[in-house]
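Student: What follows is start09.txt; its format and atoms are compact mmCIF, C-alpha atoms.
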```txt
# COMPACT_ATOMS: atom_id res chain seq x y z
CA MET V 1 106.07 108.36 -12.70
CA THR V 2 105.82 106.15 -15.75
CA LYS V 3 103.47 106.83 -18.63
CA THR V 4 101.32 103.79 -17.81
CA THR V 5 101.02 104.40 -14.10
CA LYS V 6 101.68 108.09 -13.46
CA ARG V 7 97.96 108.80 -12.96
CA MET V 8 97.31 105.64 -10.91
CA LYS V 9 97.72 107.40 -7.60
CA ALA V 10 96.78 106.42 -4.04
CA LEU V 11 95.05 103.13 -4.89
CA VAL V 12 97.14 100.63 -2.96
CA GLY V 13 99.42 103.27 -1.57
CA PHE V 14 98.16 104.92 1.59
CA ILE V 15 97.92 108.38 3.06
CA PHE V 16 99.95 108.73 6.25
CA LEU V 17 98.23 111.92 7.26
CA VAL V 18 94.75 112.78 6.05
CA LEU V 19 93.66 116.26 5.09
CA PHE V 20 90.47 117.40 6.81
CA ALA V 21 89.47 120.19 4.44
CA THR V 22 90.38 120.72 0.78
CA PHE V 23 89.86 123.36 -1.86
CA PRO V 24 86.92 124.13 -4.04
CA ALA V 25 88.15 124.51 -7.60
CA CYS V 26 88.19 127.94 -9.18
CA PHE V 27 85.60 129.17 -11.63
CA SER V 28 85.83 130.01 -15.27
CA GLN V 29 84.41 133.41 -16.17
CA ASP V 30 83.43 132.25 -19.65
CA SER V 31 79.99 133.59 -20.57
CA GLN V 32 78.83 130.14 -21.69
CA PHE V 33 78.42 129.22 -18.04
CA SER V 34 75.46 131.60 -17.74
CA HIS V 35 73.01 129.21 -19.41
CA VAL V 36 73.77 126.19 -17.21
CA LEU V 37 70.77 124.58 -15.54
CA THR V 38 70.06 125.69 -11.95
CA LYS V 39 67.57 124.40 -9.43
CA SER V 40 65.29 125.99 -6.90
CA ALA V 41 67.09 127.34 -3.85
CA SER V 42 64.46 125.82 -1.60
CA ASN V 43 67.04 123.59 0.10
CA ARG V 44 69.89 124.89 2.19
CA PHE V 45 72.52 124.36 -0.50
CA GLY V 46 73.48 127.34 -2.62
CA SER V 47 73.95 125.82 -6.05
CA SER V 48 76.43 123.85 -8.14
CA ALA V 49 79.70 124.76 -9.83
CA ILE V 50 81.11 123.74 -13.18
CA PHE V 51 84.66 123.94 -14.56
CA LEU V 52 86.34 123.39 -17.90
CA LEU V 53 88.98 120.67 -18.10
CA GLN V 54 92.18 120.38 -20.07
CA GLY V 55 94.13 117.26 -21.00
CA ASN V 56 93.72 113.86 -22.65
CA VAL V 57 94.47 110.16 -22.18
CA TYR V 58 97.19 110.08 -24.82
CA PRO V 59 99.77 111.46 -25.13
CA LEU V 60 99.42 113.73 -22.06
CA GLY V 61 98.01 111.13 -19.67
CA TYR V 62 95.81 113.23 -17.37
CA TYR V 63 92.97 115.74 -17.15
CA SER V 64 93.37 118.92 -15.11
CA VAL V 65 91.42 121.97 -13.94
CA HIS V 66 92.41 125.58 -13.25
CA ILE V 67 91.64 126.84 -9.77
CA LYS V 68 92.24 130.17 -8.05
CA ILE V 69 93.78 130.40 -4.60
CA GLY V 70 94.64 133.35 -2.38
CA ASN V 71 93.92 137.05 -2.07
CA PRO V 72 94.72 138.37 -4.57
CA PRO V 73 94.12 135.03 -6.29
CA LYS V 74 96.53 133.16 -8.55
CA VAL V 75 95.61 130.35 -10.95
CA TYR V 76 96.91 126.81 -10.33
CA ASP V 77 96.54 123.80 -12.61
CA LEU V 78 95.65 120.61 -10.68
CA ASP V 79 95.11 117.00 -11.71
CA ILE V 80 91.57 115.82 -11.05
CA ASP V 81 91.76 112.59 -9.08
CA THR V 82 88.73 110.62 -7.87
CA GLY V 83 91.17 107.91 -6.72
CA SER V 84 92.31 109.92 -3.68
CA ASP V 85 90.71 112.46 -1.35
CA PHE V 86 93.91 114.38 -0.63
CA THR V 87 94.55 117.79 -2.23
CA TRP V 88 97.86 119.63 -2.38
CA VAL V 89 99.61 122.31 -4.42
CA GLN V 90 103.33 122.89 -4.92
CA CYS V 91 104.65 125.34 -2.33
CA ASP V 92 106.97 128.31 -2.74
CA ALA V 93 109.27 127.22 0.07
CA PRO V 94 112.65 125.49 0.01
CA CYS V 95 111.27 122.97 -2.45
CA THR V 96 112.46 119.54 -3.61
CA GLY V 97 110.96 118.03 -6.75
CA CYS V 98 108.89 121.11 -7.60
CA THR V 99 108.52 121.48 -11.35
CA LYS V 100 106.83 124.86 -11.76
CA PRO V 101 108.63 128.22 -12.11
CA ARG V 102 108.74 129.99 -8.76
CA HIS V 103 106.13 132.62 -9.72
CA LEU V 104 103.64 129.77 -10.33
CA LEU V 105 104.14 128.16 -6.91
CA TYR V 106 101.82 128.82 -3.98
CA LYS V 107 103.40 131.21 -1.48
CA PRO V 108 101.94 130.86 2.02
CA LYS V 109 101.72 133.70 4.52
CA PRO V 110 102.41 133.26 8.24
CA ASN V 111 98.70 133.42 9.09
CA ASN V 112 97.96 130.65 6.56
CA LEU V 113 99.63 127.93 8.60
CA VAL V 114 97.49 125.38 10.43
CA ASN V 115 98.84 124.37 13.83
CA CYS V 116 98.45 121.14 15.73
CA VAL V 117 95.60 122.34 17.96
CA ASP V 118 93.43 123.15 14.96
CA PRO V 119 90.53 120.67 14.49
CA VAL V 120 91.72 120.31 10.91
CA CYS V 121 94.99 118.80 12.10
CA ALA V 122 93.26 116.54 14.62
CA ALA V 123 90.95 115.18 11.93
CA MET V 124 93.95 114.36 9.75
CA TYR V 125 95.19 111.75 12.19
CA LEU V 126 91.92 110.05 13.10
CA PRO V 127 91.57 107.57 14.70
CA GLY V 128 94.96 108.54 16.14
CA LYS V 129 96.25 111.88 17.40
CA PRO V 130 98.64 114.45 15.90
CA GLN V 131 102.29 113.63 16.52
CA CYS V 132 103.23 117.08 17.80
CA LYS V 133 105.60 117.90 20.65
CA ASP V 134 104.09 121.38 20.95
CA PRO V 135 100.41 122.11 20.16
CA LYS V 136 101.50 125.34 18.47
CA GLU V 137 103.66 123.51 15.94
CA GLN V 138 102.65 123.61 12.30
CA CYS V 139 100.62 120.64 11.06
CA ASP V 140 102.53 118.61 8.47
CA TYR V 141 101.32 115.98 6.01
CA GLN V 142 102.86 113.20 3.97
CA VAL V 143 101.15 111.17 1.25
CA ASN V 144 102.54 108.14 -0.60
CA TYR V 145 101.11 106.95 -3.91
CA ALA V 146 100.91 103.49 -5.46
CA ASP V 147 103.35 104.41 -8.24
CA GLN V 148 106.00 105.27 -5.61
CA GLY V 149 105.41 109.01 -5.95
CA SER V 150 104.87 111.10 -2.83
CA SER V 151 104.23 114.58 -1.48
CA LEU V 152 105.37 116.07 1.81
CA GLY V 153 104.35 119.47 3.10
CA VAL V 154 102.40 121.59 5.55
CA ILE V 155 98.68 122.28 5.92
CA VAL V 156 97.55 125.85 5.26
CA LYS V 157 94.29 127.77 4.88
CA ASP V 158 93.51 130.37 2.24
CA ASN V 159 90.75 131.92 0.14
CA PHE V 160 89.21 130.16 -2.86
CA PRO V 161 87.13 132.34 -5.18
CA LEU V 162 84.26 130.21 -6.48
CA ARG V 163 81.47 131.13 -8.89
CA LEU V 164 78.27 129.09 -8.73
CA VAL V 165 76.05 128.41 -11.72
CA ASN V 166 73.24 130.46 -10.14
CA GLY V 167 75.50 133.50 -10.61
CA SER V 168 76.59 133.98 -6.99
CA ASN V 169 80.22 134.36 -5.94
CA ILE V 170 81.73 133.05 -2.73
CA ASP V 171 85.23 133.17 -1.29
CA PRO V 172 85.56 130.62 1.51
CA ARG V 173 88.78 130.14 3.44
CA LEU V 174 89.67 126.46 3.31
CA ALA V 175 92.53 124.14 4.23
CA PHE V 176 94.81 122.26 1.81
CA GLY V 177 98.33 120.89 1.51
CA CYS V 178 101.28 123.11 0.56
CA GLY V 179 103.77 120.56 -0.74
CA TYR V 180 107.49 121.32 -0.56
CA ASN V 181 108.91 117.84 -1.23
CA GLN V 182 107.57 115.93 -4.22
CA LYS V 183 108.92 112.66 -5.60
CA TYR V 184 108.01 111.15 -8.96
CA SER V 185 108.75 107.59 -10.02
CA GLY V 186 109.92 106.28 -13.36
CA SER V 187 112.09 107.72 -16.10
CA HIS V 188 109.57 110.17 -17.54
CA SER V 189 109.37 113.83 -16.63
CA PRO V 190 107.06 114.82 -13.75
CA PRO V 191 103.62 116.10 -14.76
CA SER V 192 103.40 119.80 -15.53
CA THR V 193 100.52 120.38 -13.12
CA ALA V 194 100.96 122.26 -9.84
CA GLY V 195 99.39 119.56 -7.67
CA VAL V 196 96.49 117.17 -7.18
CA LEU V 197 92.80 117.91 -6.66
CA GLY V 198 91.61 114.98 -4.53
CA LEU V 199 87.95 114.13 -5.21
CA GLY V 200 87.88 110.61 -3.75
CA ASN V 201 85.25 108.92 -1.64
CA GLY V 202 85.89 110.27 1.85
CA LYS V 203 85.08 113.03 4.29
CA VAL V 204 88.20 114.95 3.35
CA ASN V 205 87.41 115.48 -0.33
CA ILE V 206 86.68 118.93 -1.68
CA VAL V 207 82.98 118.39 -2.36
CA SER V 208 82.43 116.98 1.11
CA GLN V 209 83.83 120.20 2.56
CA LEU V 210 81.63 122.31 0.32
CA ARG V 211 78.65 120.36 1.59
CA ASN V 212 79.68 120.89 5.20
CA ILE V 213 79.49 124.66 4.74
CA GLY V 214 76.20 124.48 2.84
CA ILE V 215 77.42 125.36 -0.64
CA THR V 216 76.70 122.20 -2.66
CA LYS V 217 75.41 118.71 -2.15
CA ASN V 218 78.05 116.00 -1.91
CA VAL V 219 77.75 115.06 -5.56
CA LEU V 220 80.35 115.46 -8.28
CA GLY V 221 80.72 114.43 -11.88
CA HIS V 222 83.00 114.65 -14.86
CA CYS V 223 82.76 114.34 -18.62
CA LEU V 224 86.10 113.54 -20.28
CA SER V 225 86.24 114.14 -24.00
CA GLU V 226 88.02 111.65 -26.23
CA ARG V 227 89.18 114.66 -28.24
CA GLY V 228 90.66 116.33 -25.15
CA GLY V 229 89.20 118.54 -22.43
CA GLY V 230 85.71 118.23 -21.01
CA PHE V 231 84.11 119.48 -17.83
CA LEU V 232 83.86 118.82 -14.09
CA PHE V 233 81.02 119.77 -11.76
CA PHE V 234 80.21 119.86 -8.05
CA GLY V 235 76.62 119.58 -6.76
CA ASP V 236 73.56 117.85 -8.18
CA ASP V 237 72.08 120.57 -10.42
CA LEU V 238 73.73 119.10 -13.51
CA VAL V 239 72.85 115.44 -12.95
CA PRO V 240 70.56 114.21 -15.77
CA SER V 241 67.00 113.51 -14.67
CA SER V 242 66.85 110.46 -16.96
CA GLY V 243 69.07 108.26 -19.09
CA ILE V 244 71.66 107.59 -16.41
CA VAL V 245 72.20 104.13 -14.86
CA TRP V 246 73.25 103.72 -11.22
CA THR V 247 75.10 101.14 -9.17
CA PRO V 248 75.78 101.29 -5.39
CA ILE V 249 79.08 102.54 -3.97
CA SER V 250 80.78 100.09 -1.61
CA SER V 251 79.49 100.43 1.94
CA ASN V 252 82.95 99.86 3.45
CA PRO V 253 83.49 103.00 5.60
CA THR V 254 87.29 102.69 5.38
CA ASP V 255 87.31 102.62 1.57
CA LYS V 256 88.34 106.03 0.23
CA HIS V 257 87.80 104.93 -3.38
CA TYR V 258 84.64 104.87 -5.46
CA SER V 259 84.29 101.10 -5.46
CA SER V 260 81.39 99.21 -6.97
CA GLY V 261 80.58 95.67 -7.93
CA PRO V 262 80.53 92.77 -8.21
CA ALA V 263 80.71 92.83 -11.98
CA GLU V 264 80.89 90.18 -14.68
CA LEU V 265 83.15 90.62 -17.72
CA VAL V 266 81.47 90.07 -21.10
CA PHE V 267 83.29 90.06 -24.46
CA GLY V 268 81.47 90.41 -27.75
CA GLY V 269 78.16 89.60 -26.08
CA THR V 270 79.43 86.36 -24.51
CA SER V 271 80.36 85.84 -20.87
CA THR V 272 84.07 85.35 -20.23
CA GLY V 273 83.38 83.42 -17.03
CA VAL V 274 85.17 86.13 -15.05
CA LYS V 275 82.82 87.30 -12.31
CA GLY V 276 82.86 89.01 -8.93
CA LEU V 277 85.02 91.94 -10.03
CA THR V 278 85.11 94.95 -7.72
CA MET V 279 85.62 98.06 -9.84
CA ILE V 280 87.19 101.37 -8.74
CA PHE V 281 86.32 104.48 -10.76
CA ASP V 282 89.48 106.59 -10.82
CA SER V 283 89.95 109.74 -12.90
CA GLY V 284 93.56 109.76 -11.66
CA SER V 285 94.41 106.71 -13.80
CA SER V 286 95.04 107.19 -17.51
CA TYR V 287 94.26 103.58 -18.33
CA THR V 288 92.05 100.76 -17.10
CA TYR V 289 93.55 97.99 -14.96
CA PHE V 290 92.21 94.44 -14.54
CA ASN V 291 93.46 91.82 -12.12
CA SER V 292 95.50 88.97 -13.62
CA GLN V 293 92.53 86.69 -14.29
CA ALA V 294 90.39 89.33 -15.99
CA TYR V 295 93.36 90.79 -17.87
CA GLN V 296 94.54 87.47 -19.25
CA ALA V 297 91.02 86.48 -20.27
CA THR V 298 90.62 89.81 -22.09
CA VAL V 299 93.95 89.54 -23.90
CA ASN V 300 93.37 85.91 -24.92
CA LEU V 301 89.90 86.62 -26.30
CA ILE V 302 91.00 89.72 -28.21
CA LYS V 303 93.99 87.95 -29.75
CA LYS V 304 91.89 84.93 -30.69
CA ASP V 305 89.28 87.16 -32.28
CA LEU V 306 91.96 88.98 -34.32
CA ASN V 307 93.08 85.76 -36.03
CA GLY V 308 92.72 86.19 -39.78
CA LYS V 309 92.35 89.96 -39.55
CA PRO V 310 94.95 92.25 -41.14
CA LEU V 311 96.66 93.25 -37.88
CA LYS V 312 100.10 92.21 -36.67
CA ASP V 313 101.87 92.55 -33.34
CA ALA V 314 103.83 95.78 -33.01
CA ALA V 315 106.26 94.73 -30.30
CA GLU V 316 108.59 97.56 -31.27
CA ASP V 317 106.02 100.12 -30.04
CA LYS V 318 106.66 100.49 -26.31
CA SER V 319 103.83 102.97 -25.72
CA LEU V 320 101.82 100.26 -23.94
CA SER V 321 102.21 96.54 -23.25
CA ILE V 322 100.33 95.24 -26.31
CA CYS V 323 100.14 97.02 -29.67
CA TRP V 324 99.08 96.11 -33.20
CA LYS V 325 99.94 97.59 -36.59
CA GLY V 326 98.14 97.56 -39.91
CA LYS V 327 99.30 97.76 -43.52
CA LYS V 328 99.62 101.51 -43.03
CA PRO V 329 99.66 103.70 -39.90
CA PHE V 330 96.32 104.39 -38.23
CA LYS V 331 95.31 108.01 -37.75
CA SER V 332 92.65 107.39 -35.08
CA VAL V 333 90.80 104.62 -33.27
CA GLY V 334 88.11 105.04 -35.92
CA ASP V 335 90.49 103.45 -38.45
CA VAL V 336 90.82 100.23 -36.45
CA LYS V 337 87.77 99.86 -34.20
CA ASN V 338 85.89 97.56 -36.59
CA TYR V 339 88.50 94.87 -35.96
CA PHE V 340 87.65 94.76 -32.23
CA LYS V 341 84.59 93.68 -30.28
CA PRO V 342 83.06 95.58 -27.35
CA LEU V 343 83.68 94.70 -23.73
CA VAL V 344 80.94 94.98 -21.12
CA LEU V 345 81.05 95.09 -17.33
CA SER V 346 77.71 93.83 -16.08
CA PHE V 347 77.02 94.81 -12.46
CA THR V 348 75.17 91.96 -10.80
CA ASN V 349 73.99 93.90 -7.72
CA ALA V 350 71.87 96.27 -9.83
CA LYS V 351 69.28 95.26 -12.42
CA ASN V 352 70.27 95.82 -16.06
CA VAL V 353 73.27 98.01 -15.15
CA GLN V 354 76.14 97.68 -17.59
CA LEU V 355 79.22 99.72 -18.40
CA GLN V 356 79.72 99.45 -22.15
CA LEU V 357 83.36 99.56 -23.27
CA SER V 358 83.45 100.06 -27.02
CA PRO V 359 86.84 99.74 -28.76
CA GLU V 360 87.22 103.52 -28.32
CA ALA V 361 87.03 102.92 -24.56
CA TYR V 362 89.99 100.54 -24.43
CA LEU V 363 92.25 101.37 -27.40
CA ILE V 364 94.60 104.25 -28.19
CA VAL V 365 96.43 105.07 -31.42
CA THR V 366 100.03 106.05 -30.74
CA ARG V 367 102.23 108.59 -32.48
CA HIS V 368 103.66 105.62 -34.43
CA GLY V 369 100.24 104.89 -35.93
CA ASN V 370 99.69 101.65 -34.04
CA ALA V 371 96.67 100.57 -31.99
CA CYS V 372 97.49 99.69 -28.37
CA LEU V 373 95.43 98.01 -25.66
CA GLY V 374 94.60 100.55 -22.93
CA ILE V 375 93.74 97.80 -20.45
CA LEU V 376 96.74 96.82 -18.33
CA ASN V 377 97.57 94.08 -15.84
CA GLY V 378 97.06 95.66 -12.44
CA SER V 379 98.66 92.73 -10.64
CA GLU V 380 101.97 93.55 -12.35
CA VAL V 381 102.03 97.08 -10.92
CA GLY V 382 101.09 96.22 -7.35
CA LEU V 383 97.30 96.54 -7.47
CA GLY V 384 96.71 92.95 -6.46
CA ASN V 385 93.10 91.99 -7.06
CA LEU V 386 91.88 95.56 -7.60
CA ASN V 387 90.29 96.58 -10.90
CA ILE V 388 90.45 100.21 -12.06
CA ILE V 389 88.16 102.01 -14.48
CA GLY V 390 90.50 104.71 -15.78
CA ASP V 391 90.09 107.76 -17.98
CA ILE V 392 90.25 105.79 -21.23
CA SER V 393 87.07 103.91 -20.31
CA MET V 394 85.20 106.96 -19.03
CA GLN V 395 85.66 109.14 -22.12
CA ASP V 396 82.51 110.58 -23.69
CA LYS V 397 80.45 109.54 -20.68
CA MET V 398 79.05 111.68 -17.90
CA VAL V 399 80.15 109.88 -14.75
CA VAL V 400 78.44 110.95 -11.51
CA TYR V 401 79.60 110.18 -7.95
CA ASP V 402 76.60 110.68 -5.66
CA ASN V 403 77.83 110.58 -2.07
CA GLU V 404 74.39 111.59 -0.78
CA LYS V 405 72.71 108.45 -2.13
CA ARG V 406 75.91 106.35 -2.16
CA GLN V 407 75.79 105.50 -5.86
CA ILE V 408 77.79 105.88 -9.06
CA GLY V 409 76.05 106.58 -12.36
CA TRP V 410 76.97 107.09 -16.00
CA ALA V 411 75.43 107.94 -19.34
CA PRO V 412 76.73 108.60 -22.87
CA ALA V 413 77.40 112.31 -23.36
CA ASN V 414 78.95 114.88 -25.64
CA CYS V 415 81.77 116.05 -23.42
CA ASP V 416 82.75 118.81 -25.82
CA ARG V 417 79.70 120.88 -24.82
CA LEU V 418 78.60 122.08 -21.40
CA PRO V 419 75.09 121.05 -20.25
CA LYS V 420 72.34 123.37 -21.43
CA SER V 421 69.45 124.73 -19.40
```
Using C-alpha cells, write down the structure from this file.

Tutor:
Amino acid sequence: MTKTTKRMKALVGFIFLVLFATFPACFSQDSQFSHVLTKSASNRFGSSAIFLLQGNVYPLGYYSVHIKIGNPPKVYDLDIDTGSDFTWVQCDAPCTGCTKPRHLLYKPKPNNLVNCVDPVCAAMYLPGKPQCKDPKEQCDYQVNYADQGSSLGVIVKDNFPLRLVNGSNIDPRLAFGCGYNQKYSGSHSPPSTAGVLGLGNGKVNIVSQLRNIGITKNVLGHCLSERGGGFLFFGDDLVPSSGIVWTPISSNPTDKHYSSGPAELVFGGTSTGVKGLTMIFDSGSSYTYFNSQAYQATVNLIKKDLNGKPLKDAAEDKSLSICWKGKKPFKSVGDVKNYFKPLVLSFTNAKNVQLQLSPEAYLIVTRHGNACLGILNGSEVGLGNLNIIGDISMQDKMVVYDNEKRQIGWAPANCDRLPKS
C-alpha cells in the first residue's frame, strides 16, 4: 500500500464475506487506568474499557493498539480502523504476504475453527447463504480494500482477556479472522502491524459484539495525539458530559461507514460555495480526502492566499501531492501555521455544529523540512464523490461514535493524557 493511501481501507472496496463477531481489544495493566471515571452499574452493561495507542500520521501513517488473544494469551498489534467493521490477525498457517516473525503470528487450534453451520458463518453471508458444499467445512473469509490490498483466511474463535475500567476482568470467547493470504498494494513495505481491528459502523464491529453480550454500550471513541500515541475506548463511561458537539450518523442501513453530513466547506471564515458534502470519519486513513470539487476549491484558495508570503513550491518533495518550502527547513507545523488559514466543515443538519480544521489539522512537516498539504484528491484514488476525515484532521480531538443514539461527536482534547475521574 502506498504512503498516501495505505490506511484508506474498505471505503469503496467491499467485503465479500462479513465477519459476525470480532475481538475486544486487550487491556493495558498500567496503574494509571485505575483512576478512570466509571459509572453506576445500575444498567445491564458492565463498564467501559480503555487502551493506549501507538503510532502517528507521519511518518508511520497509522495508529495501532495492543490486544491479547488466546489461552495463554499473546499480544498482537492491530491497526484501529473505523472505516471497516472487519477484524483479522495474521495466521500461523502456510502464509502468503505475512510480515511478522512466526512466533508473533496467531496459531489456531483445531477447536478454534468455525464451521459453516455456525450462526457466525451464516451471518457473514447475509442476505445470502454460506457457499459450503459440506456444512462441516471451515468458514472462510475474503476482504478487499480500496487501495487494492486484501486479506483471505478462515474464521476462528478464541479467548480475549479484557480489563474494564471498573476493575473487573473478563475473558470472552469471540470470533475473528485468521488471515493466511495478505496482499499489499504500492511500492512501500507492508505495515508492521499483525492485522486490522475493524471498528466501523455495522453489526459486525467489535463494540457491537461487546454490547450483544452485555459488556459495554455500543459507543466507542478515540483521541489521537499529534505528538504520537493517544487512547481508544469502548463504552460510554468516558464520553464528556459537556463540551462535545454532535451530528447524526447516516441512517442508511447498508452503510458500514460513519457517514455524516451534509456539510459546507468554509475557508478563512468565508464560504467556498462547496456544499452538500457527505463526510466519512475514518481512523484507517492517514490523511483527509475531498472529492474533486472540494479539493480543487481548497487548493486554489490556499495557493491564492499564499501569494506574497515567503513560501515556494517544493515539487521535489514527493511525500505528498503539494508541498511548500521556506527560507530554511521547518521543524514542525508550528513554524509554518501562521501562513495558513483555518478550514471549517459546517454541518447543516445540526445547529451550530462545525468541525474546525486548523492548519495543524491539514498540514504535515516532512523529513525534508517542507510543509505538505494533508488533504488529498479522493477522486484520483477511486473514492468518487466520497469525502474522508482522516487521522490528520482528528488529532488532538476526542471523537466519539455513538451507535446507541446514532451520532458522531467531537471536542478538543489533550490526547497525551487519559481521562481523569

Student: List every protein, DNA or RNA residue that has at least one atom no more than 8 Å from (78.1, 117.4, -5.3) in the file's coordinates, counting all atoms listed in the file, and write the result as a list in words.

Tutor: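 Here is the list of nearby residues: Ser48, Val207, Ser208, Arg211, Thr216, Lys217, Asn218, Val219, Leu220, Gly221, Phe233, Phe234, Gly235, Asp236, Tyr401, Asp402 and Asn403 of chain V.
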
Student: Taking (85.2, 103.9, -21.2) as a centre in this file's frame and 10 Å as the limit, can you find every polymer residue with an atom that close, using only C-alpha atoms, and give them as a list in words?

Tutor: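 Residues with an atom close enough to that point: Leu224, Glu226, Tyr287, Thr288, Leu343, Val344, Leu355, Gln356, Leu357, Ser358, Pro359, Glu360, Ala361, Tyr362, Leu363, Ile389, Gly390, Asp391, Ile392, Ser393, Met394, Gln395, Asp396, Lys397 and Pro412 of chain V.
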
Student: So what do you get for atom CA of Thr348 of chain V versus atom CA of Asn387 of chain V, distance-wise?

Tutor: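 That distance, rounded to one decimal, is 15.8 Å.
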
Student: Please list as a count of residues only every residue within 10 Å of segment 257-273 of chain V, counting all atoms listed in the file and excluding residues in the same chain fewer than 3 positions away.

Tutor: 57

Student: Atom CA of Leu197 of chain V and atom CA of Glu404 of chain V, how far apart in Å?

Tutor: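 Atom CA of Leu197 of chain V lies at a distance of 20.3 Å from atom CA of Glu404 of chain V.
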
Student: What gap, in Å, lies between atom CA of Cys139 of chain V and atom CA of Gly177 of chain V?

Tutor: 9.8 Å

Student: Pick out the closest residue to Ile155 of chain V from this set: V:Pro172, V:Gly167, V:Gly308, V:Gly179. Count only C-alpha atoms.

Tutor: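 Looking at the shortest contact to Ile155 of chain V, the residue is V:Gly179.
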